[in-house]
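Raw contents of structure.cif, mmCIF, C-alpha atoms and all ligand atoms:
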```cif
data_input
loop_
_atom_site.label_atom_id
_atom_site.label_comp_id
_atom_site.auth_asym_id
_atom_site.auth_seq_id
_atom_site.Cartn_x
_atom_site.Cartn_y
_atom_site.Cartn_z
CA MET A 1 83.60 92.22 128.77
CA GLN A 2 83.99 95.85 129.87
CA TYR A 3 87.65 96.64 130.32
CA GLY A 4 90.11 99.38 129.44
CA ILE A 5 93.62 99.49 128.05
CA MET A 6 96.42 101.93 128.66
CA TRP A 7 99.33 102.17 126.26
CA LYS A 8 102.81 103.10 127.39
CA THR A 9 102.89 104.72 123.95
CA VAL A 10 106.62 105.43 123.75
CA SER A 11 107.68 103.38 126.76
CA GLU A 12 109.69 105.68 129.08
CA ASP A 13 110.83 108.07 126.33
CA CYS A 14 110.24 111.65 127.38
CA ASN A 15 111.37 115.11 126.31
CA LEU A 16 111.42 116.40 129.90
CA ALA A 17 113.57 115.55 132.90
CA CYS A 18 111.21 116.13 135.84
CA ASP A 19 113.39 115.19 138.79
CA TYR A 20 110.60 113.40 140.67
CA CYS A 21 109.54 111.16 137.79
CA TYR A 22 109.43 107.54 138.94
CA TYR A 23 109.10 106.18 135.43
CA SER A 24 111.42 107.72 132.87
CA ARG A 25 115.19 107.28 133.13
CA VAL A 26 116.09 109.04 129.86
CA LEU A 27 116.66 112.47 131.52
CA GLY A 28 114.84 114.35 128.78
CA ARG A 29 117.14 113.04 126.01
CA PRO A 30 115.52 109.95 124.53
CA GLN A 31 117.68 108.03 122.05
CA GLY A 32 115.11 107.37 119.33
CA ILE A 33 111.42 107.00 120.07
CA ARG A 34 109.96 103.55 120.82
CA THR A 35 106.47 103.43 119.31
CA PRO A 36 104.47 100.20 118.97
CA SER A 37 105.22 98.47 115.66
CA PRO A 38 102.37 98.56 113.11
CA ALA A 39 101.80 94.84 113.74
CA ILE A 40 101.57 95.25 117.56
CA LEU A 41 99.33 98.29 117.21
CA GLU A 42 96.92 96.57 114.87
CA LYS A 43 96.84 93.26 116.77
CA THR A 44 96.13 95.04 120.04
CA LEU A 45 93.41 97.30 118.69
CA ARG A 46 91.86 94.41 116.73
CA ASP A 47 91.75 92.19 119.83
CA TYR A 48 90.54 94.99 122.06
CA LEU A 49 87.79 96.33 119.82
CA ALA A 50 86.52 92.80 119.23
CA THR A 51 86.21 92.00 122.93
CA CYS A 52 85.57 95.25 124.83
CA GLY A 53 82.08 96.22 125.86
CA PRO A 54 80.04 98.99 124.21
CA VAL A 55 82.54 101.60 125.42
CA ALA A 56 86.15 101.24 124.30
CA SER A 57 88.37 103.09 126.74
CA ILE A 58 91.90 103.65 125.46
CA ALA A 59 94.44 105.75 127.36
CA TRP A 60 97.72 106.91 125.83
CA GLN A 61 100.49 107.53 128.31
CA GLY A 62 104.28 107.54 128.21
CA GLY A 63 106.89 108.77 128.83
CA GLU A 64 105.56 111.57 126.68
CA PRO A 65 103.04 110.05 124.24
CA LEU A 66 103.08 113.01 121.84
CA LEU A 67 106.66 112.03 120.94
CA ALA A 68 105.02 109.27 118.88
CA GLY A 69 104.02 112.02 116.45
CA LEU A 70 100.75 113.11 114.90
CA PRO A 71 100.92 110.58 112.00
CA PHE A 72 101.05 107.76 114.58
CA PHE A 73 97.85 108.98 116.23
CA GLN A 74 96.20 109.56 112.85
CA ARG A 75 96.91 105.91 112.09
CA VAL A 76 95.43 105.00 115.49
CA VAL A 77 92.08 106.73 114.88
CA ALA A 78 91.91 105.33 111.35
CA LEU A 79 92.42 101.80 112.71
CA GLU A 80 89.90 102.36 115.49
CA GLY A 81 87.31 103.42 112.91
CA GLU A 82 88.09 100.40 110.75
CA LEU A 83 88.12 97.79 113.53
CA ALA A 84 85.38 98.91 115.93
CA ARG A 85 82.12 96.99 115.90
CA PRO A 86 78.96 98.97 115.10
CA ARG A 87 77.66 101.14 117.95
CA THR A 88 80.94 101.07 119.88
CA THR A 89 81.72 104.34 121.63
CA ILE A 90 85.45 104.95 121.51
CA SER A 91 86.93 107.07 124.25
CA ASN A 92 90.57 108.07 123.80
CA ALA A 93 92.44 109.87 126.56
CA VAL A 94 96.01 111.11 126.44
CA GLN A 95 98.24 112.23 129.33
CA THR A 96 100.86 114.73 128.22
CA ASN A 97 103.37 117.17 129.68
CA GLY A 98 101.83 119.67 127.25
CA VAL A 99 104.95 121.25 125.77
CA LEU A 100 104.51 119.77 122.27
CA ILE A 101 100.87 120.78 121.89
CA ASN A 102 100.43 123.15 118.98
CA GLN A 103 97.48 124.09 116.81
CA ALA A 104 97.65 120.86 114.77
CA TRP A 105 97.62 118.65 117.88
CA ALA A 106 94.84 120.69 119.47
CA ARG A 107 92.68 120.43 116.33
CA PHE A 108 93.31 116.70 116.16
CA PHE A 109 92.28 116.24 119.82
CA LEU A 110 89.14 118.25 119.20
CA GLN A 111 88.24 116.44 116.00
CA TYR A 112 88.56 112.98 117.57
CA ARG A 113 87.29 114.06 120.99
CA PHE A 114 90.39 113.00 122.88
CA LEU A 115 90.29 113.88 126.55
CA VAL A 116 93.64 115.53 127.18
CA GLY A 117 95.26 115.41 130.62
CA VAL A 118 97.98 118.04 131.01
CA SER A 119 100.55 117.79 133.80
CA LEU A 120 100.83 121.12 135.58
CA ASP A 121 101.97 121.53 139.18
CA GLY A 122 100.34 124.90 139.85
CA PRO A 123 101.74 128.41 139.46
CA GLN A 124 105.17 128.90 137.90
CA THR A 125 107.19 128.78 141.14
CA ALA A 126 105.67 125.41 142.03
CA HIS A 127 105.66 123.95 138.51
CA ASP A 128 109.21 124.93 137.56
CA ALA A 129 110.62 123.55 140.81
CA HIS A 130 110.63 120.04 139.29
CA ARG A 131 109.11 120.01 135.82
CA VAL A 132 112.18 120.93 133.80
CA ASP A 133 113.73 120.00 130.45
CA ALA A 134 117.07 118.27 129.87
CA GLY A 135 118.84 121.61 130.30
CA GLY A 136 117.17 122.21 133.68
CA ARG A 137 114.92 124.96 132.34
CA GLY A 138 111.41 125.27 133.75
CA THR A 139 108.58 124.35 131.39
CA PHE A 140 105.71 126.41 132.81
CA ASP A 141 105.52 128.86 129.88
CA ARG A 142 105.61 126.08 127.29
CA VAL A 143 102.90 124.09 129.09
CA MET A 144 100.68 127.15 129.38
CA ARG A 145 101.17 127.82 125.68
CA GLY A 146 100.08 124.24 124.91
CA ILE A 147 97.02 124.67 127.11
CA GLY A 148 96.32 127.93 125.27
CA TRP A 149 96.02 125.99 122.00
CA LEU A 150 93.58 123.55 123.57
CA GLU A 151 91.50 126.45 124.85
CA GLN A 152 91.62 128.24 121.55
CA VAL A 153 90.19 125.33 119.56
CA GLY A 154 87.83 124.21 122.36
CA ALA A 155 89.37 120.76 123.05
CA ASP A 156 88.54 119.10 126.40
CA PHE A 157 91.37 118.94 128.89
CA ASN A 158 92.02 118.46 132.57
CA ILE A 159 94.94 119.26 134.82
CA LEU A 160 96.99 116.61 136.60
CA THR A 161 98.98 117.98 139.52
CA VAL A 162 101.64 116.02 141.37
CA VAL A 163 101.52 116.96 145.05
CA GLY A 164 104.97 117.06 146.61
CA PRO A 165 107.03 119.22 148.96
CA HIS A 166 106.94 121.99 146.33
CA ASN A 167 103.18 122.56 146.56
CA VAL A 168 101.68 120.46 149.37
CA GLY A 169 101.42 123.45 151.71
CA ARG A 170 99.89 125.61 148.98
CA GLY A 171 96.46 124.04 148.39
CA GLY A 172 94.54 127.34 148.58
CA GLU A 173 97.03 129.02 146.26
CA LEU A 174 96.78 126.19 143.71
CA MET A 175 92.99 126.43 143.72
CA ALA A 176 93.11 130.23 143.29
CA PHE A 177 95.53 129.81 140.39
CA TYR A 178 93.33 127.22 138.69
CA ARG A 179 90.24 129.36 139.18
CA GLU A 180 92.01 132.43 137.80
CA HIS A 181 92.84 130.47 134.65
CA GLY A 182 89.41 128.84 134.35
CA PHE A 183 90.78 125.29 134.89
CA ARG A 184 87.79 123.36 136.23
CA TRP A 185 88.84 119.69 135.86
CA ILE A 186 91.66 118.80 138.22
CA GLN A 187 93.29 115.68 139.57
CA PHE A 188 95.87 115.52 142.34
CA ILE A 189 98.29 112.65 142.85
CA PRO A 190 100.81 112.44 145.68
CA GLN A 191 104.45 112.30 144.63
CA MET A 192 106.29 108.97 144.80
CA ALA A 193 110.06 108.88 144.65
CA PHE A 194 111.99 107.66 141.63
CA GLN A 195 113.17 104.51 143.45
CA SER A 196 109.54 103.39 143.68
CA GLN A 197 109.68 102.14 140.10
CA THR A 198 110.81 98.75 141.43
CA VAL A 199 107.51 97.17 142.38
CA ASP A 200 108.64 94.84 145.09
CA ASP A 201 110.73 97.39 146.96
CA PRO A 202 108.93 99.45 149.57
CA GLY A 203 107.36 102.62 148.15
CA ILE A 204 109.11 105.88 148.98
CA PHE A 205 106.87 108.91 149.29
CA ALA A 206 107.90 112.53 149.17
CA ILE A 207 105.30 113.92 151.58
CA SER A 208 104.03 112.78 154.95
CA PRO A 209 100.47 111.45 155.39
CA GLN A 210 99.85 114.42 157.70
CA ALA A 211 100.93 116.92 155.03
CA TYR A 212 98.74 115.24 152.40
CA GLY A 213 95.80 115.10 154.81
CA ASP A 214 96.19 118.84 155.52
CA PHE A 215 96.34 119.46 151.77
CA LEU A 216 93.12 117.53 151.09
CA CYS A 217 91.30 119.41 153.86
CA GLU A 218 92.54 122.80 152.69
CA VAL A 219 91.55 122.13 149.08
CA PHE A 220 88.20 120.70 150.18
CA ASP A 221 87.36 123.94 152.03
CA VAL A 222 87.89 125.90 148.82
CA TRP A 223 86.15 123.34 146.62
CA TYR A 224 83.01 123.01 148.79
CA ARG A 225 81.75 126.61 148.28
CA ASP A 226 78.90 126.40 150.81
CA GLY A 227 77.60 123.24 149.20
CA HIS A 228 77.86 124.42 145.59
CA PRO A 229 81.13 123.13 144.13
CA ASP A 230 81.76 124.31 140.58
CA THR A 231 85.10 122.61 140.02
CA SER A 232 85.74 118.93 139.43
CA ILE A 233 88.43 117.55 141.74
CA ARG A 234 88.61 113.90 140.84
CA PHE A 235 89.11 112.59 144.37
CA PHE A 236 86.24 114.65 145.83
CA ASP A 237 83.92 113.78 142.92
CA ASN A 238 84.59 110.11 143.59
CA VAL A 239 84.04 110.46 147.31
CA VAL A 240 80.64 112.09 146.63
CA GLN A 241 79.82 109.27 144.20
CA SER A 242 80.55 106.81 146.97
CA TYR A 243 78.42 108.71 149.52
CA VAL A 244 75.55 108.69 147.00
CA GLY A 245 75.88 104.91 146.72
CA LEU A 246 77.41 104.79 143.25
CA GLN A 247 80.58 102.93 142.38
CA PRO A 248 83.46 105.44 142.15
CA ASP A 249 85.54 105.27 138.99
CA LEU A 250 88.80 105.93 140.85
CA CYS A 251 90.50 102.54 141.10
CA THR A 252 91.80 103.04 144.64
CA MET A 253 88.25 103.62 145.91
CA ARG A 254 86.81 100.41 144.51
CA LYS A 255 86.53 97.05 146.21
CA HIS A 256 88.56 95.47 143.41
CA CYS A 257 91.08 96.91 140.96
CA PRO A 258 89.15 97.54 137.74
CA ALA A 259 89.65 95.29 134.71
CA HIS A 260 92.42 97.07 132.90
CA LEU A 261 95.55 96.19 130.94
CA ILE A 262 98.75 98.13 130.45
CA VAL A 263 100.31 97.63 127.01
CA GLU A 264 104.01 98.49 126.76
CA SER A 265 105.18 99.89 123.42
CA ASN A 266 106.66 96.45 122.58
CA GLY A 267 103.33 94.69 123.29
CA ASP A 268 104.15 93.37 126.78
CA LEU A 269 101.09 93.27 129.03
CA TYR A 270 100.84 94.19 132.72
CA PRO A 271 97.89 94.48 135.10
CA CYS A 272 98.53 98.03 136.34
CA ASP A 273 100.84 100.98 135.79
CA PHE A 274 102.24 100.43 139.30
CA TYR A 275 102.91 96.74 138.63
CA ILE A 276 105.39 96.81 135.79
CA GLY A 277 108.25 94.37 136.31
CA ASP A 278 109.25 90.82 135.40
CA GLU A 279 107.08 89.24 138.07
CA TRP A 280 104.01 91.07 136.77
CA ARG A 281 104.48 90.58 133.05
CA ILE A 282 101.43 88.70 131.76
CA GLY A 283 102.80 87.99 128.29
CA ASN A 284 102.99 89.73 124.93
CA VAL A 285 100.02 90.67 122.81
CA ALA A 286 101.75 89.11 119.78
CA ASP A 287 101.46 85.67 121.40
CA MET A 288 98.09 85.77 123.12
CA ALA A 289 94.55 87.06 122.77
CA LEU A 290 94.23 90.25 124.78
CA ALA A 291 91.16 89.16 126.74
CA ASP A 292 92.95 85.94 127.81
CA ALA A 293 95.22 88.13 129.95
CA PHE A 294 92.45 88.22 132.56
CA ASN A 295 92.63 84.43 132.93
CA SER A 296 96.38 84.41 133.49
CA GLU A 297 98.05 83.40 136.75
CA VAL A 298 99.65 86.86 136.99
CA TYR A 299 96.34 88.67 136.64
CA HIS A 300 94.68 86.48 139.29
CA ARG A 301 97.61 87.05 141.64
CA PHE A 302 97.30 90.81 141.04
CA ALA A 303 93.50 90.84 141.47
CA ASP A 304 93.85 89.15 144.88
CA LEU A 305 96.00 91.99 146.25
CA LYS A 306 93.47 94.79 146.76
CA PRO A 307 90.70 92.89 148.58
CA ASP A 308 93.26 91.33 150.93
CA LEU A 309 92.78 94.17 153.41
CA PRO A 310 94.80 94.60 156.56
CA GLU A 311 93.03 94.19 159.87
CA SER A 312 92.91 97.97 160.44
CA CYS A 313 90.91 98.50 157.22
CA GLN A 314 88.45 95.76 158.09
CA ARG A 315 87.61 97.58 161.31
CA CYS A 316 87.69 101.10 159.80
CA GLN A 317 84.59 103.31 159.86
CA TRP A 318 85.56 104.78 156.46
CA LEU A 319 86.07 101.48 154.65
CA ALA A 320 82.85 101.80 152.59
CA HIS A 321 84.26 104.94 150.97
CA CYS A 322 88.02 104.53 151.15
CA ARG A 323 88.16 100.81 150.26
CA GLY A 324 91.69 100.52 151.60
CA GLY A 325 93.50 102.62 148.97
CA CYS A 326 96.08 101.02 146.68
CA PRO A 327 97.92 97.77 147.42
CA ARG A 328 101.12 99.28 145.98
CA ASN A 329 101.02 101.80 148.84
CA ARG A 330 100.80 99.10 151.49
CA GLN A 331 104.53 98.38 151.26
CA TRP A 332 106.51 101.24 152.70
CA ASP A 333 109.42 101.85 155.03
CA ASP A 334 109.82 99.00 157.47
CA GLN A 335 106.09 98.41 157.87
CA PRO A 336 104.95 94.79 158.09
CA GLU A 337 103.77 93.31 154.82
CA HIS A 338 100.12 93.76 155.74
CA ALA A 339 100.24 97.47 156.56
CA ALA A 340 97.51 99.92 155.58
CA ASP A 341 98.00 102.31 152.66
CA TYR A 342 100.80 104.84 153.37
CA PHE A 343 98.17 107.61 153.09
CA CYS A 344 95.73 105.94 155.50
CA ALA A 345 96.18 108.73 158.05
CA SER A 346 95.48 111.32 155.28
CA PHE A 347 92.23 109.56 154.39
CA GLN A 348 91.19 109.24 158.04
CA GLN A 349 91.91 112.93 158.60
CA PHE A 350 90.02 113.94 155.46
CA PHE A 351 86.90 111.82 156.06
CA ALA A 352 86.64 112.94 159.69
CA TYR A 353 87.01 116.58 158.60
CA ALA A 354 84.69 116.53 155.58
CA ASN A 355 82.13 113.86 156.51
CA GLN A 356 79.27 116.18 157.51
CA ARG A 357 79.61 118.34 154.43
CA LEU A 358 79.91 115.27 152.21
CA GLU A 359 76.69 113.92 153.73
CA ARG A 360 74.97 117.25 153.03
CA LEU A 361 76.10 117.18 149.41
CA ALA A 362 75.15 113.55 148.90
CA ALA A 363 71.71 113.52 150.59
CA PRO A 364 69.68 115.25 147.81
CA LEU A 365 71.54 113.32 145.12
CA ARG A 366 70.76 110.06 146.94
CA ARG A 367 67.06 111.01 147.18
CA ALA A 368 66.92 111.90 143.47
CA ARG A 369 68.57 108.61 142.60
CA THR A 370 66.14 106.61 144.75
CA GLN A 371 63.18 108.40 143.16
CA SER A 372 64.43 107.72 139.67
CA LEU A 373 64.97 104.03 140.53
CA LEU A 374 61.43 103.83 141.98
CA GLN A 375 59.96 105.39 138.85
CA ARG A 376 61.50 102.62 136.79
CA ILE A 377 59.78 99.87 138.82
S1 LIG A 401 97.00 98.46 142.11
FE1 LIG A 401 96.49 100.53 142.84
S2 LIG A 401 96.77 101.87 141.05
FE2 LIG A 401 96.67 99.74 140.29
S3 LIG A 401 94.50 99.45 139.74
FE3 LIG A 401 94.79 98.71 141.86
S4 LIG A 401 94.27 100.44 143.17
FE4 LIG A 401 94.61 101.25 141.11
S1 LIG A 402 91.15 105.03 156.05
FE1 LIG A 402 92.92 103.70 156.40
S2 LIG A 402 92.16 102.02 157.67
FE2 LIG A 402 90.40 103.07 156.76
S3 LIG A 402 89.93 101.87 154.92
FE3 LIG A 402 91.26 103.59 154.34
S4 LIG A 402 93.35 102.79 154.39
FE4 LIG A 402 92.04 101.35 155.53
#
```
Whole structure given in structure tokens:
Amino acid sequence: MQYGIMWKTVSEDCNLACDYCYYSRVLGRPQGIRTPSPAILEKTLRDYLATCGPVASIAWQGGEPLLAGLPFFQRVVALEGELARPRTTISNAVQTNGVLINQAWARFFLQYRFLVGVSLDGPQTAHDAHRVDAGGRGTFDRVMRGIGWLEQVGADFNILTVVGPHNVGRGGELMAFYREHGFRWIQFIPQMAFQSQTVDDPGIFAISPQAYGDFLCEVFDVWYRDGHPDTSIRFFDNVVQSYVGLQPDLCTMRKHCPAHLIVESNGDLYPCDFYIGDEWRIGNVADMALADAFNSEVYHRFADLKPDLPESCQRCQWLAHCRGGCPRNRQWDDQPEHAADYFCASFQQFFAYANQRLERLAAPLRRARTQSLLQRI
């Protein structure tokens, strides 16, 4: 079975105190670091590498996963090598705030081909507005130094930018900053408020759908470059994939949430990073085979959420590309239970604005794909 796992490597432990973080409550001063025990680590990797498809996709998140330390990750890659079946491709990805990256980390990421996601909210004035340490000091310089190490050794990395009030009106400026620094792999995610950690409470969002829609359109104008984009913006790449007729890899743009498990540092299993709470706990990897999680009542209940589209999505002209967004975003404010994604208006605005140019980009790719399929018949 093809599925991926994502570790909450050190649970919510983090060395920063970003004031918009909806996950960590340790305010940049973790009391000891919670890494998976050797037994949990080995059981999980053993189960996973015995049952995943030809590509093992393992993501390391936190909190701040680098707090687990280099020896922990050296143990991880050693175990992966020991436990993987022949001809398995192992893809490790790590999402980090970047401040702990030094030459040793960068060399390790290069050697084991980790894809490194670094959280950076744009130029210093935008980044330091929220991404601060326990003493309230901005982290821009430290993050850029970490990125410098990745560049120096030639390790792959991308930039993850949280879009909130601090940068939502600055799309063109963000793009100019990323271009100036040669950052060509970028992902944007809209900011959710801290209170949104409780799954069954309505989500609280920091920006309006209109502001996010304006942001997407502004960034798209820069990205498009007269039909010759040279930067990867994850959302736009996925939209083009969809226009070409391929399945996007972005979960929100698929018909169903992809097969994926979240593993907490203590071995607890959940179906998605946005569904972590007692009601969504599948079990613990110590007591069950990992792949059996997909047959659990919790997983089935979770899998039913995304395709249960509200009426407005079923009638929407953009449904084939948007796919109704994320079910977590369908609970917000005092909206009825079956509301559309909070960012529905952003998506509608974006698709209406960019549709013609997206069609122009996708048409030759669609033709090439059709030809290559015909040649195989
Ligand atoms: S619930 Fe939302 S974030 Fe989670 S996998 Fe589904 S679409 Fe993605
Ligand atoms: S644009 Fe809005 S109505 Fe249309 S599919 Fe997306 S969320 Fe649903």
Within 10 Å of ligand LIG 401 (chain A) (counting only C-alpha atoms and all ligand atoms), which residues show up? I'd like them as a VMD selection string. chain A and resid 250 to 261 271 to 275 302 to 303 305 to 307 323 to 330
Using the selection just defined, write its residues with C-alpha atoms as a PDB file, in the frame of the given file.
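For reference, result.pdb as written:
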```pdb
ATOM      1  CA  LEU A 250      88.800 105.930 140.850  1.00  0.00           C
ATOM      2  CA  CYS A 251      90.500 102.540 141.100  1.00  0.00           C
ATOM      3  CA  THR A 252      91.800 103.040 144.640  1.00  0.00           C
ATOM      4  CA  MET A 253      88.250 103.620 145.910  1.00  0.00           C
ATOM      5  CA  ARG A 254      86.810 100.410 144.510  1.00  0.00           C
ATOM      6  CA  LYS A 255      86.530  97.050 146.210  1.00  0.00           C
ATOM      7  CA  HIS A 256      88.560  95.470 143.410  1.00  0.00           C
ATOM      8  CA  CYS A 257      91.080  96.910 140.960  1.00  0.00           C
ATOM      9  CA  PRO A 258      89.150  97.540 137.740  1.00  0.00           C
ATOM     10  CA  ALA A 259      89.650  95.290 134.710  1.00  0.00           C
ATOM     11  CA  HIS A 260      92.420  97.070 132.900  1.00  0.00           C
ATOM     12  CA  LEU A 261      95.550  96.190 130.940  1.00  0.00           C
ATOM     13  CA  PRO A 271      97.890  94.480 135.100  1.00  0.00           C
ATOM     14  CA  CYS A 272      98.530  98.030 136.340  1.00  0.00           C
ATOM     15  CA  ASP A 273     100.840 100.980 135.790  1.00  0.00           C
ATOM     16  CA  PHE A 274     102.240 100.430 139.300  1.00  0.00           C
ATOM     17  CA  TYR A 275     102.910  96.740 138.630  1.00  0.00           C
ATOM     18  CA  PHE A 302      97.300  90.810 141.040  1.00  0.00           C
ATOM     19  CA  ALA A 303      93.500  90.840 141.470  1.00  0.00           C
ATOM     20  CA  LEU A 305      96.000  91.990 146.250  1.00  0.00           C
ATOM     21  CA  LYS A 306      93.470  94.790 146.760  1.00  0.00           C
ATOM     22  CA  PRO A 307      90.700  92.890 148.580  1.00  0.00           C
ATOM     23  CA  ARG A 323      88.160 100.810 150.260  1.00  0.00           C
ATOM     24  CA  GLY A 324      91.690 100.520 151.600  1.00  0.00           C
ATOM     25  CA  GLY A 325      93.500 102.620 148.970  1.00  0.00           C
ATOM     26  CA  CYS A 326      96.080 101.020 146.680  1.00  0.00           C
ATOM     27  CA  PRO A 327      97.920  97.770 147.420  1.00  0.00           C
ATOM     28  CA  ARG A 328     101.120  99.280 145.980  1.00  0.00           C
ATOM     29  CA  ASN A 329     101.020 101.800 148.840  1.00  0.00           C
ATOM     30  CA  ARG A 330     100.800  99.100 151.490  1.00  0.00           C
TER      31      ARG A 330
END
```
Ligand LIG 402 (chain A): which residues are within 10 Å, counting all atoms listed in the file, as a VMD selection string? chain A and resid 252 to 253 309 to 327 329 to 330 339 to 352
Box dimensions and centre (Å, one decimal) enclosing region 115-131 of chain A, axis-aligned, 5 Å extra per side, as AutoDock Vina command-line options:
```
--center_x 100.5 --center_y 121.4 --center_z 134.3 --size_x 30.3 --size_y 25.0 --size_z 25.5
```
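CA of Ser37 (chain A) to CA of Pro54 (chain A) spans 26.6 Å [interatomic distance, one decimal].
Proximity ranking of A:Gln2, A:Asp287, A:Asp230, A:Trp280 relative to His300 (chain A) places A:Trp280 first, based on all atoms listed in the file.
Excluding Trp105 (chain A) and any residue on its chain fewer than 2 positions from it, the residues at most 9 Å away by all atoms listed in the file are Leu66, Leu70, Leu100, Ile101, Asn102, Gln103, Arg107, Phe108, Phe109, Leu110, Trp149 and Leu150 of chain A.
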Residues just named, written with C-alpha atoms as a short mmCIF file (atom, residue, chain, number, x, y, z; two decimals), in the frame of the given file:
```cif
data_model
loop_
_atom_site.label_atom_id
_atom_site.label_comp_id
_atom_site.auth_asym_id
_atom_site.auth_seq_id
_atom_site.Cartn_x
_atom_site.Cartn_y
_atom_site.Cartn_z
CA LEU A 66 103.08 113.01 121.84
CA LEU A 70 100.75 113.11 114.90
CA LEU A 100 104.51 119.77 122.27
CA ILE A 101 100.87 120.78 121.89
CA ASN A 102 100.43 123.15 118.98
CA GLN A 103 97.48 124.09 116.81
CA ARG A 107 92.68 120.43 116.33
CA PHE A 108 93.31 116.70 116.16
CA PHE A 109 92.28 116.24 119.82
CA LEU A 110 89.14 118.25 119.20
CA TRP A 149 96.02 125.99 122.00
CA LEU A 150 93.58 123.55 123.57
#
```
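Atom pair CA of Ala129 (chain A) / CA of Tyr178 (chain A): separated by 17.8 Å.
Minimum atom-to-atom distances from A:Gly164, A:Ala291, A:Ile207, A:Arg369 to Asp47 (chain A) were compared using all atoms listed in the file, and the lowest value belongs to A:Ala291.
For the residues A:Thr231, A:Ser57, A:Ser265, A:Gln356, ranking by smallest atom-to-atom distance to Ser91 (chain A) using only C-alpha atoms places A:Ser57 first.
Comparing A:Gly62, A:Pro123, A:Pro248, A:Gly283 by their smallest distance to Arg170 (chain A), the closest is A:Pro123 (using only C-alpha atoms).
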Asp121 (chain A): which residues within 6 Å, counting all atoms listed in the file, same-chain residues fewer than 3 positions away excluded, as a PyMOL selection string? chain A and resi 127+161-162
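Picture a line from CA of Asn92 (chain A) to CA of Ile33 (chain A); it runs 21.2 Å.
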Pick from A:Phe236, A:Tyr212, A:Phe294, A:Phe140: nearest to Val99 (chain A), with all atoms listed in the file counted? A:Phe140
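If all atoms listed in the file are the atoms counted, then among A:Thr96, A:Gln74, A:Gln331, A:Asn15 the closest residue to Ile204 (chain A) is A:Gln331.
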Residues within 10 Å of Arg184 (chain A), all atoms listed in the file, excluding chain neighbours under 4 positions, as a short mmCIF file (atom, residue, chain, number, x, y, z; two decimals) with C-alpha atoms, keeping the file's coordinate frame:
```
data_model
loop_
_atom_site.label_atom_id
_atom_site.label_comp_id
_atom_site.auth_asym_id
_atom_site.auth_seq_id
_atom_site.Cartn_x
_atom_site.Cartn_y
_atom_site.Cartn_z
CA PHE A 157 91.37 118.94 128.89
CA ASN A 158 92.02 118.46 132.57
CA ILE A 159 94.94 119.26 134.82
CA MET A 175 92.99 126.43 143.72
CA TYR A 178 93.33 127.22 138.69
CA ARG A 179 90.24 129.36 139.18
CA ASP A 230 81.76 124.31 140.58
CA THR A 231 85.10 122.61 140.02
CA SER A 232 85.74 118.93 139.43
CA ILE A 233 88.43 117.55 141.74
#
```
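Once Val55 (chain A) and its same-chain neighbours fewer than 5 positions away are set aside, Met1, Gln2, Tyr3, Gly4, Ile5, Tyr48, Leu49, Ala50, Ala84, Arg85, Pro86, Arg87, Thr88, Thr89, Ile90, Ser91 and Asn92 of chain A remain within 12 Å of it when counting all atoms listed in the file.
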Could the residues in this selection be saved with C-alpha atoms as a PDB file, in the frame of the given file?
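What ended up in result04.pdb:
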```pdb
ATOM      1  CA  MET A   1      83.600  92.220 128.770  1.00  0.00           C
ATOM      2  CA  GLN A   2      83.990  95.850 129.870  1.00  0.00           C
ATOM      3  CA  TYR A   3      87.650  96.640 130.320  1.00  0.00           C
ATOM      4  CA  GLY A   4      90.110  99.380 129.440  1.00  0.00           C
ATOM      5  CA  ILE A   5      93.620  99.490 128.050  1.00  0.00           C
ATOM      6  CA  TYR A  48      90.540  94.990 122.060  1.00  0.00           C
ATOM      7  CA  LEU A  49      87.790  96.330 119.820  1.00  0.00           C
ATOM      8  CA  ALA A  50      86.520  92.800 119.230  1.00  0.00           C
ATOM      9  CA  ALA A  84      85.380  98.910 115.930  1.00  0.00           C
ATOM     10  CA  ARG A  85      82.120  96.990 115.900  1.00  0.00           C
ATOM     11  CA  PRO A  86      78.960  98.970 115.100  1.00  0.00           C
ATOM     12  CA  ARG A  87      77.660 101.140 117.950  1.00  0.00           C
ATOM     13  CA  THR A  88      80.940 101.070 119.880  1.00  0.00           C
ATOM     14  CA  THR A  89      81.720 104.340 121.630  1.00  0.00           C
ATOM     15  CA  ILE A  90      85.450 104.950 121.510  1.00  0.00           C
ATOM     16  CA  SER A  91      86.930 107.070 124.250  1.00  0.00           C
ATOM     17  CA  ASN A  92      90.570 108.070 123.800  1.00  0.00           C
TER      18      ASN A  92
END
```
Val26 (chain A) environment, 9 Å, all atoms listed in the file, sequence neighbours closer than 4 positions dropped, as a list in words: Glu12, Asp13, Cys14, Asn15, Leu16, Ala17, Pro30 and Gln31 of chain A
